[in-house]
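Novice: query.tsv (TSV, C-alpha atoms) pasted underneath:
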chain	number	residue	atom	x	y	z
N	16	MET	CA	5.33	12.13	-24.66
N	17	GLU	CA	7.34	8.91	-24.81
N	18	ARG	CA	8.13	7.15	-21.58
N	19	ASP	CA	11.87	7.20	-20.77
N	20	ALA	CA	13.95	6.40	-17.70
N	21	VAL	CA	14.99	10.02	-17.10
N	22	ASN	CA	11.36	11.14	-17.11
N	23	ARG	CA	10.39	8.45	-14.60
N	24	LYS	CA	13.38	9.25	-12.39
N	25	ASP	CA	12.34	12.90	-12.35
N	26	ILE	CA	8.81	11.95	-11.36
N	27	CYS	CA	10.06	9.65	-8.60
N	28	ARG	CA	12.28	12.40	-7.20
N	29	ALA	CA	9.40	14.87	-7.22
N	30	LEU	CA	7.13	12.36	-5.49
N	31	VAL	CA	9.71	11.65	-2.77
N	32	VAL	CA	9.93	15.40	-2.13
N	33	LEU	CA	6.13	15.52	-1.91
N	34	GLY	CA	6.10	12.61	0.53
N	35	ASP	CA	8.62	14.41	2.72
N	36	ARG	CA	6.58	17.62	2.62
N	37	ILE	CA	3.57	15.64	3.81
N	38	GLY	CA	5.66	13.98	6.50
N	39	ALA	CA	6.96	17.30	7.86
N	40	HIS	CA	3.46	18.78	7.92
N	41	VAL	CA	2.01	15.72	9.66
N	42	ARG	CA	4.73	15.73	12.30
N	43	ARG	CA	3.85	19.32	13.19
N	44	ILE	CA	0.17	18.39	13.45
N	45	LEU	CA	0.89	15.37	15.65
N	46	ARG	CA	3.03	17.52	17.90
N	47	ASP	CA	0.77	20.56	18.16
N	48	ILE	CA	-2.88	19.46	17.73
N	49	PRO	CA	-4.75	17.43	20.38
N	50	MET	CA	-5.57	13.85	19.43
N	51	GLU	CA	-9.33	14.34	19.67
N	52	ASP	CA	-9.13	17.02	16.94
N	53	ARG	CA	-6.96	14.89	14.65
N	54	VAL	CA	-9.31	11.90	14.63
N	55	GLN	CA	-12.47	13.65	13.45
N	56	VAL	CA	-14.16	12.21	10.33
N	57	VAL	CA	-14.60	15.06	7.84
N	58	GLY	CA	-15.77	13.21	4.74
N	59	ARG	CA	-17.10	9.90	3.45
N	60	HIS	CA	-16.49	8.37	0.02
N	61	ALA	CA	-17.36	5.18	-1.80
N	62	SER	CA	-13.97	3.72	-0.93
N	63	ASP	CA	-13.14	5.11	2.52
N	64	VAL	CA	-13.64	7.84	5.07
N	65	THR	CA	-11.56	11.02	5.24
N	66	TYR	CA	-10.14	12.05	8.59
N	67	ALA	CA	-9.08	15.57	9.57
N	68	LEU	CA	-5.45	14.51	9.17
N	69	ASP	CA	-6.11	13.38	5.57
N	70	ARG	CA	-7.72	16.72	4.74
N	71	GLU	CA	-4.69	18.56	6.08
N	72	VAL	CA	-2.38	17.16	3.36
N	73	GLU	CA	-4.66	17.35	0.32
N	74	GLY	CA	-3.55	20.86	-0.58
N	75	LEU	CA	0.10	19.82	-0.56
N	76	VAL	CA	-0.65	17.02	-3.04
N	77	ILE	CA	-2.56	19.27	-5.44
N	78	GLU	CA	0.04	22.04	-5.25
N	79	SER	CA	2.99	19.71	-5.86
N	80	VAL	CA	1.41	17.70	-8.68
N	81	ASP	CA	0.27	20.89	-10.41
N	82	ALA	CA	3.81	22.29	-10.18
N	83	PHE	CA	5.65	19.37	-11.80
N	84	ALA	CA	2.94	18.21	-14.21
N	85	PRO	CA	4.07	20.46	-17.12
N	86	GLN	CA	7.57	18.95	-16.93
N	87	VAL	CA	6.24	15.47	-17.76
N	88	GLY	CA	3.59	16.33	-20.34
N	89	GLY	CA	0.65	16.59	-17.97
N	90	ILE	CA	-0.69	14.35	-15.22
N	91	THR	CA	-4.11	12.84	-14.69
N	92	MET	CA	-4.24	11.98	-10.99
N	93	VAL	CA	-6.41	9.32	-9.39
N	94	ALA	CA	-6.74	9.93	-5.66
N	95	GLU	CA	-9.47	9.13	-3.18
N	96	GLY	CA	-11.08	12.20	-1.65
N	97	ILE	CA	-8.80	14.86	-3.20
N	98	GLY	CA	-10.58	17.70	-4.95
N	99	GLU	CA	-14.18	17.74	-6.08
N	100	GLN	CA	-13.60	14.63	-8.21
N	101	GLU	CA	-11.38	11.61	-7.64
N	102	VAL	CA	-9.77	11.98	-11.10
N	103	THR	CA	-8.22	15.38	-11.82
N	104	THR	CA	-5.84	16.62	-14.53
N	105	TYR	CA	-2.94	19.06	-14.24
N	106	PRO	CA	-2.43	21.61	-15.71
N	107	GLU	CA	-6.13	22.32	-15.35
N	108	SER	CA	-6.31	23.56	-18.96
N	109	MET	CA	-5.43	20.05	-20.23
N	110	GLN	CA	-8.01	17.41	-21.07
N	111	PRO	CA	-7.66	14.13	-19.11
N	112	ASP	CA	-6.80	12.06	-22.21
N	113	GLU	CA	-4.11	14.55	-23.28
N	114	ALA	CA	-1.91	14.02	-20.21
N	115	ALA	CA	1.13	11.81	-20.72
N	116	VAL	CA	1.05	10.33	-17.22
N	117	ARG	CA	-1.61	8.72	-15.04
N	118	LEU	CA	-0.76	8.92	-11.35
N	119	ILE	CA	-2.51	7.05	-8.55
N	120	VAL	CA	-1.88	8.39	-5.05
N	121	ASP	CA	-2.67	7.52	-1.46
N	122	PRO	CA	-1.30	10.50	0.51
N	123	LEU	CA	-1.60	8.77	3.89
N	124	ASP	CA	-1.93	5.01	3.84
N	125	GLY	CA	-2.42	4.08	7.49
N	126	THR	CA	-4.03	7.31	8.68
N	127	ARG	CA	-5.79	5.74	11.65
N	128	GLY	CA	-2.64	4.37	13.24
N	129	LEU	CA	-0.63	7.50	12.49
N	130	MET	CA	-3.13	10.03	13.81
N	131	VAL	CA	-3.07	8.43	17.25
N	132	ALA	CA	0.74	8.16	16.98
N	133	LYS	CA	0.83	4.36	17.06
N	134	ARG	CA	3.13	3.77	14.06
N	135	SER	CA	4.16	4.99	10.63
N	136	ALA	CA	1.84	5.59	7.70
N	137	PHE	CA	3.08	5.78	4.10
N	138	PHE	CA	2.75	8.14	1.17
N	139	LEU	CA	2.12	5.87	-1.84
N	140	ALA	CA	2.20	6.77	-5.53
N	141	GLY	CA	2.21	4.76	-8.75
N	142	VAL	CA	2.99	6.09	-12.23
N	143	ALA	CA	1.70	4.71	-15.55
N	144	PRO	CA	1.39	5.85	-19.16
N	145	ASN	CA	-2.01	7.51	-19.42
N	146	ARG	CA	-4.40	5.11	-21.14
N	147	GLY	CA	-7.45	6.83	-19.78
N	148	GLU	CA	-9.98	4.78	-17.87
N	149	SER	CA	-8.47	1.59	-19.32
N	150	THR	CA	-5.21	2.17	-17.40
N	151	ARG	CA	-4.56	-0.69	-14.99
N	152	LEU	CA	-2.46	-1.48	-11.95
N	153	SER	CA	-0.30	-3.72	-14.16
N	154	ASP	CA	0.56	-0.66	-16.30
N	155	LEU	CA	2.50	1.00	-13.49
N	156	ASP	CA	6.10	1.51	-14.56
N	157	ALA	CA	7.29	3.55	-11.57
N	158	ALA	CA	6.30	3.75	-7.92
N	159	VAL	CA	7.22	5.60	-4.73
N	160	MET	CA	6.56	5.00	-1.07
N	161	VAL	CA	7.71	7.41	1.63
N	162	GLU	CA	7.41	6.55	5.29
N	163	ILE	CA	5.47	9.08	7.39
N	164	PRO	CA	6.65	8.32	10.91
N	165	THR	CA	5.12	9.56	14.12
N	166	HIS	CA	6.47	12.70	15.74
N	167	ARG	CA	8.38	10.53	18.23
N	168	ALA	CA	10.54	8.89	15.55
N	169	PHE	CA	13.70	10.33	13.99
N	170	LEU	CA	14.23	8.08	10.95
N	171	ARG	CA	12.19	7.74	7.76
N	172	ASP	CA	12.68	5.50	4.73
N	173	ALA	CA	11.84	6.43	1.14
N	174	LEU	CA	11.69	3.73	-1.56
N	175	TRP	CA	11.15	4.01	-5.29
N	176	ALA	CA	11.35	1.76	-8.31
N	177	ILE	CA	11.24	1.93	-12.10
N	178	LYS	CA	9.99	-1.20	-13.83
N	179	GLY	CA	12.85	-3.46	-14.84
N	180	GLU	CA	15.47	-1.36	-13.06
N	181	GLY	CA	15.15	-2.59	-9.48
N	182	MET	CA	14.38	-0.74	-6.27
N	183	THR	CA	16.23	2.23	-4.81
N	184	GLY	CA	15.87	3.73	-1.37
N	185	GLU	CA	17.28	5.94	1.31
N	186	THR	CA	17.01	6.40	5.06
N	187	ARG	CA	16.93	9.97	6.35
N	188	ASN	CA	17.72	11.18	9.84
N	189	LEU	CA	14.96	13.72	10.49
N	190	LEU	CA	16.99	15.45	13.18
N	191	ASP	CA	19.99	16.42	11.08
N	192	GLY	CA	18.89	15.67	7.51
N	193	ARG	CA	21.64	13.14	6.80
N	194	THR	CA	20.78	10.26	4.48
N	195	CYS	CA	22.21	6.82	3.81
N	196	PRO	CA	21.26	4.16	1.25
N	197	PHE	CA	18.38	1.82	2.06
N	198	SER	CA	18.69	-1.76	0.85
N	199	ALA	CA	15.68	-4.06	0.75
N	200	LYS	CA	16.33	-7.30	2.58
N	201	PRO	CA	13.34	-9.65	2.27
N	202	SER	CA	13.55	-12.71	4.47
N	203	ARG	CA	15.58	-15.63	3.12
N	204	GLU	CA	13.94	-18.10	5.49
N	205	ILE	CA	12.36	-21.03	3.67
N	206	THR	CA	9.34	-21.41	5.95
N	207	ILE	CA	6.85	-19.20	7.75
N	208	ARG	CA	7.29	-21.38	10.83
N	209	GLY	CA	8.61	-19.26	13.69
N	210	GLY	CA	8.26	-15.98	11.78
N	211	PHE	CA	5.77	-13.19	11.32
N	212	ALA	CA	3.09	-14.34	8.88
N	213	GLN	CA	-0.57	-13.34	8.84
N	214	VAL	CA	-3.92	-13.21	7.14
N	215	SER	CA	-5.19	-9.62	7.39
N	216	ARG	CA	-8.34	-9.23	9.46
N	217	PHE	CA	-8.29	-5.62	10.53
N	218	PHE	CA	-12.00	-4.91	10.70
N	219	PRO	CA	-15.28	-6.69	11.35
N	220	PRO	CA	-17.38	-8.32	10.02
N	221	GLY	CA	-16.04	-11.72	9.02
N	222	ARG	CA	-12.85	-11.84	11.04
N	223	ASP	CA	-13.88	-15.23	12.39
N	224	ARG	CA	-13.74	-16.77	8.89
N	225	LEU	CA	-10.35	-15.25	8.14
N	226	ALA	CA	-9.01	-16.48	11.48
N	227	ALA	CA	-10.43	-19.96	10.85
N	228	LEU	CA	-8.73	-20.04	7.46
N	229	GLU	CA	-5.41	-19.08	9.03
N	230	GLU	CA	-5.78	-21.68	11.78
N	231	GLN	CA	-6.42	-24.39	9.20
N	232	LEU	CA	-3.51	-23.19	7.08
N	233	LEU	CA	-1.12	-23.64	10.00
N	234	GLN	CA	-2.59	-26.99	11.02
N	235	THR	CA	-2.24	-28.30	7.47
N	236	LEU	CA	1.29	-27.00	6.99
N	237	PHE	CA	2.62	-28.09	10.36
N	238	PRO	CA	0.79	-31.21	11.62
N	239	ASP	CA	3.85	-32.07	13.73
N	240	ALA	CA	3.55	-28.96	15.92
N	241	GLU	CA	4.51	-29.58	19.53
N	242	PRO	CA	2.19	-28.59	22.39
N	243	GLY	CA	2.88	-24.97	23.26
N	244	GLU	CA	4.86	-24.30	20.09
N	245	ILE	CA	4.38	-20.84	18.62
N	246	LEU	CA	4.06	-21.60	14.93
N	247	THR	CA	3.85	-18.00	13.71
N	248	PHE	CA	3.62	-14.50	15.03
N	249	GLU	CA	1.29	-11.91	13.53
N	250	ASP	CA	1.21	-8.16	12.99
N	251	GLN	CA	-2.08	-6.62	11.91
N	252	TYR	CA	-0.48	-3.48	10.46
N	253	ILE	CA	-3.42	-1.34	9.29
N	254	SER	CA	-1.60	-0.07	6.20
N	255	THR	CA	-1.04	-1.93	2.94
N	256	GLY	CA	2.10	0.12	2.39
N	257	GLY	CA	3.21	-0.80	5.90
N	258	GLN	CA	2.62	-4.49	5.23
N	259	LEU	CA	4.67	-4.28	2.04
N	260	TYR	CA	7.40	-2.46	3.95
N	261	GLU	CA	7.53	-5.22	6.56
N	262	LEU	CA	8.04	-7.78	3.78
N	263	LEU	CA	10.70	-5.59	2.16
N	264	THR	CA	12.65	-5.28	5.38
N	265	GLY	CA	12.57	-8.97	6.24
N	266	LYS	CA	10.35	-8.55	9.28
N	267	ASP	CA	7.39	-10.43	7.77
N	268	ARG	CA	7.54	-13.56	5.62
N	269	PHE	CA	3.96	-13.78	4.39
N	270	THR	CA	0.84	-11.60	4.30
N	271	ALA	CA	-2.53	-12.29	2.70
N	272	ASP	CA	-5.27	-9.68	2.45
N	273	LEU	CA	-8.37	-11.60	1.30
N	274	ARG	CA	-11.09	-9.21	2.44
N	275	ALA	CA	-12.43	-8.60	-1.08
N	276	THR	CA	-13.09	-12.30	-1.62
N	277	LEU	CA	-14.60	-12.62	1.86
N	278	TYR	CA	-16.98	-9.73	1.36
N	279	ARG	CA	-18.09	-10.79	-2.12
N	280	GLU	CA	-19.34	-13.99	-0.55
N	281	ARG	CA	-20.93	-12.19	2.40
N	282	GLU	CA	-22.72	-9.88	-0.02
N	283	ARG	CA	-24.10	-12.90	-1.89
N	284	GLU	CA	-25.31	-14.22	1.47
N	285	GLY	CA	-27.09	-10.94	2.18
N	286	LYS	CA	-24.75	-10.09	5.05
N	287	ARG	CA	-23.05	-6.82	5.92
N	288	VAL	CA	-19.70	-6.21	4.26
N	289	GLY	CA	-16.74	-4.23	5.54
N	290	HIS	CA	-13.79	-2.17	4.39
N	291	ILE	CA	-11.51	-3.61	1.72
N	292	CYS	CA	-8.21	-2.93	-0.05
N	293	HIS	CA	-8.31	-0.73	-3.18
N	294	PRO	CA	-5.90	-0.03	-6.07
N	295	TYR	CA	-4.52	3.13	-4.45
N	296	ASP	CA	-3.52	1.05	-1.40
N	297	LEU	CA	-1.42	-1.04	-3.79
N	298	ALA	CA	0.21	1.90	-5.60
N	299	GLY	CA	3.61	0.78	-4.28
N	300	HIS	CA	3.36	-2.91	-5.17
N	301	LEU	CA	5.87	-2.47	-8.04
N	302	ILE	CA	8.52	-1.64	-5.44
N	303	GLY	CA	8.00	-5.01	-3.80
N	304	ALA	CA	8.19	-6.82	-7.15
N	305	GLU	CA	11.41	-4.99	-8.10
N	306	ALA	CA	12.91	-5.89	-4.71
N	307	GLY	CA	12.20	-9.61	-5.20
N	308	ILE	CA	9.00	-10.05	-3.20
N	309	LEU	CA	6.39	-12.22	-4.87
N	310	VAL	CA	3.01	-10.48	-4.99
N	311	THR	CA	-0.11	-12.14	-6.42
N	312	ASP	CA	-3.87	-11.89	-6.29
N	313	ALA	CA	-6.04	-14.39	-4.40
N	314	GLN	CA	-5.92	-16.85	-7.31
N	315	GLY	CA	-2.13	-16.75	-7.49
N	316	GLN	CA	-2.13	-14.63	-10.65
N	317	PRO	CA	-0.12	-11.42	-11.20
N	318	LEU	CA	-1.66	-8.51	-9.35
N	319	ASP	CA	-3.94	-6.38	-11.52
N	320	ALA	CA	-7.00	-4.11	-11.26
N	321	PRO	CA	-8.40	-0.97	-12.86
N	322	LEU	CA	-6.44	2.10	-11.80
N	323	ASP	CA	-9.29	3.62	-9.80
N	324	THR	CA	-10.29	4.27	-6.19
N	325	THR	CA	-13.10	1.77	-5.74
N	326	HIS	CA	-12.21	-1.62	-7.26
N	327	PRO	CA	-11.98	-4.39	-4.60
N	328	CYS	CA	-8.50	-5.90	-4.40
N	329	ASP	CA	-7.02	-8.95	-2.72
N	330	TRP	CA	-3.28	-9.42	-2.55
N	331	ILE	CA	-0.83	-11.97	-1.20
N	332	GLY	CA	2.82	-11.25	-0.52
N	333	TYR	CA	5.53	-13.87	-0.13
N	334	ALA	CA	9.06	-12.97	0.95
N	335	ASN	CA	10.61	-15.47	-1.46
N	336	GLN	CA	9.88	-18.42	-3.74
N	337	ALA	CA	10.45	-21.06	-1.05
N	338	ILE	CA	7.77	-19.55	1.17
N	339	LYS	CA	5.39	-19.25	-1.78
N	340	ASP	CA	6.00	-22.92	-2.60
N	341	GLU	CA	5.23	-23.82	1.01
N	342	VAL	CA	2.09	-21.73	1.50
N	343	ALA	CA	0.40	-21.07	-1.85
N	344	PRO	CA	-0.82	-24.59	-2.77
N	345	VAL	CA	-2.53	-25.04	0.60
N	346	LEU	CA	-3.81	-21.47	0.75
N	347	ARG	CA	-5.55	-21.70	-2.64
N	348	GLY	CA	-7.62	-24.66	-1.48
N	349	LEU	CA	-8.52	-23.01	1.82
N	350	ILE	CA	-9.69	-19.84	0.09
N	351	GLN	CA	-12.18	-21.99	-1.83
N	352	GLU	CA	-13.22	-23.80	1.35
N	353	PHE	CA	-13.59	-20.85	3.71
N	354	LEU	CA	-14.28	-17.76	1.60
N	355	VAL	CA	-15.98	-18.75	-1.64
In structure tokens, write the structure found in this file.

Specialist:
Amino acid sequence: MERDAVNRKDICRALVVLGDRIGAHVRRILRDIPMEDRVQVVGRHASDVTYALDREVEGLVIESVDAFAPQVGGITMVAEGIGEQEVTTYPESMQPDEAAVRLIVDPLDGTRGLMVAKRSAFFLAGVAPNRGESTRLSDLDAAVMVEIPTHRAFLRDALWAIKGEGMTGETRNLLDGRTCPFSAKPSREITIRGGFAQVSRFFPPGRDRLAALEEQLLQTLFPDAEPGEILTFEDQYISTGGQLYELLTGKDRFTADLRATLYREREREGKRVGHICHPYDLAGHLIGAEAGILVTDAQGQPLDAPLDTTHPCDWIGYANQAIKDEVAPVLRGLIQEFLV
């Protein structure tokens, strides 16, 4: 089946509906089930662990994808921890290479923060023509991210994009169902100085090296800093979708997740490695690109990776070109100095 805009718009609409179904189900769980039951680990995979809250939404994903797959010529879905295998095809009678669409999904990106009701997680999905195992992150031509807020919030944002056609979004009032348009507003500031900007260091080991890199980045960029001056603020949002959302909404100006590079070096040194970012965490990166955010890999090249659940990924997000021009040249050298 040939790719066309109407087909991709239909898929995006179906995925937004799925994200909202997941959100409604999660809100009921957060409201009705004790926290100690929500946080139980129920599975372990090569790429991540599965919590009880993750398991609760898997059936919704399978049911919804199976229902709309025939309308788009079949879907081969890549999703960590869903089903007996991490690549499944719908309808089930179809062979994986026969499906027109390859879909990569992270049903709850930011589970840990959401399940203790700290802050929103995100449903993330990316759509690409099905090129089998050779399909890559750069092949995505549509993407969706739906905010899954805690049960104490009453607004949710849903964003979607089709390659070359820009980003679209809406904000929904969860109390009365009313919606209004969402417009991405990345920061127009020309410096990270005085704004939220961070190097991700969510988990040990190796946080000391990431922190040292960030310290040196700020010292190099701003040698004229006054005593007591707060050069930047940081927000260690444990969700790649959440980090992208903060850039989209102008709250953050710069984010760099360099854990993959860090842990490759630690592995060479015979040291323990930790959790990293994977392609499904970046399923929504096309939305950022269509909204004007500049997203690269650790070397400053366009973001790319196999469309799977295990490949290690670094990514760097800049709110605009001026901030990239300020940060990127210094950052590239420091990555070589501190992480390679």

Novice: Given the choices N:Ala176, N:Ile37, N:Leu277, N:Val159, which gets closest to Pro220 of chain N if the distance is worked out from only C-alpha atoms?

Specialist: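 Ranking N:Ala176, N:Ile37, N:Leu277, N:Val159 by distance to Pro220 of chain N, first place goes to N:Leu277.
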
Novice: Set the distance at 9 Å and use all atoms listed in the file: which residues neighbour Val80 of chain N once local chain neighbours fewer than 6 positions away are removed? I'd like the list as a list of chain:residue names.

Specialist: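 Near neighbours after the sequence-gap exclusion: N:Ala29, N:Leu30, N:Leu33, N:Ile90, N:Met92, N:Tyr105, N:Pro106.
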
Novice: Neighbours of segment 232-248 of chain N within 8 Å (all atoms listed in the file; same-chain residues fewer than 3 positions away dropped), as JSON, numbers by chain?

Specialist: {"N": [207, 208, 209, 210, 211, 212, 213, 228, 229, 341, 342, 345, 346, 349]}

Novice: Mind giving me the straight-line distance from atom CA of Asp81 of chain N to atom CA of Thr126 of chain N in Å, one decimal?

Specialist: 23.8 Å

Novice: Near Tyr252 of chain N, within 9 Å and counting only C-alpha atoms, which residues show up once chain neighbours fewer than 3 positions away are dropped, as an mmCIF file with C-alpha atoms, in the coordinates of the input?

Specialist:
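The resulting file, selection31.cif, is reproduced below:
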data_model
loop_
_atom_site.group_PDB
_atom_site.id
_atom_site.type_symbol
_atom_site.label_atom_id
_atom_site.label_comp_id
_atom_site.auth_asym_id
_atom_site.auth_seq_id
_atom_site.Cartn_x
_atom_site.Cartn_y
_atom_site.Cartn_z
ATOM 1 C CA GLY N 125 -2.420 4.080 7.490
ATOM 2 C CA GLY N 128 -2.640 4.370 13.240
ATOM 3 C CA ARG N 134 3.130 3.770 14.060
ATOM 4 C CA SER N 215 -5.190 -9.620 7.390
ATOM 5 C CA PHE N 217 -8.290 -5.620 10.530
ATOM 6 C CA THR N 255 -1.040 -1.930 2.940
ATOM 7 C CA GLY N 257 3.210 -0.800 5.900
ATOM 8 C CA GLN N 258 2.620 -4.490 5.230
#

Novice: Residues of segment 86-148 of chain N within 8 Å of segment 310-323 of chain N: nearest atom pair and distance (Å, one decimal) for each, counting all atoms listed in the file, sorted by chain and number, as CSV?

Specialist:
residue,atom,partner,partner_atom,distance
N:Val93,CA,N:Asp323,CA,6.4
N:Ala94,CA,N:Asp323,CA,8.0
N:Ile119,CA,N:Leu322,CA,7.1
N:Glu148,CA,N:Leu322,CA,7.5

Novice: The selected residues should be written to file as a PDB file, in the coordinates of the input (atoms: C-alpha atoms).

Specialist:
ATOM      1  CA  VAL N  93      -6.410   9.320  -9.390  1.00  0.00           C
ATOM      2  CA  ALA N  94      -6.740   9.930  -5.660  1.00  0.00           C
ATOM      3  CA  ILE N 119      -2.510   7.050  -8.550  1.00  0.00           C
ATOM      4  CA  GLU N 148      -9.980   4.780 -17.870  1.00  0.00           C
TER       5      GLU N 148
END

Novice: For Arg167 of chain N, which residue out of N:Val41, N:Met109, N:Leu75, N:Leu262 is the nearest one, using all atoms listed in the file?

Specialist: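 Of the candidates, the smallest distance to Arg167 of chain N is held by N:Val41.
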
Novice: May I ask which of the residues N:Gln100, N:Asn22, N:Asn335, N:Gln351 is the closest one to Arg268 of chain N, counting all atoms listed in the file?

Specialist: N:Asn335

Novice: From the list N:His293, N:Arg42, N:His326, N:Arg28, which residue is nearest Ala157 of chain N when using only C-alpha atoms?

Specialist: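 Of the candidates, the smallest distance to Ala157 of chain N is held by N:Arg28.
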
Novice: For a test of reading the model, state the distance in Å between atom CA of Gly221 of chain N and atom CA of Lys286 of chain N, rounded to one decimal.

Specialist: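 These two atoms are separated by 9.7 Å.
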
Novice: So the first atom is atom CA of His166 of chain N and the second is atom CA of Gly265 of chain N; what is the distance between them in Å, to one decimal place?

Specialist: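 So the two atoms, atom CA of His166 of chain N and atom CA of Gly265 of chain N, lie 24.4 Å apart.
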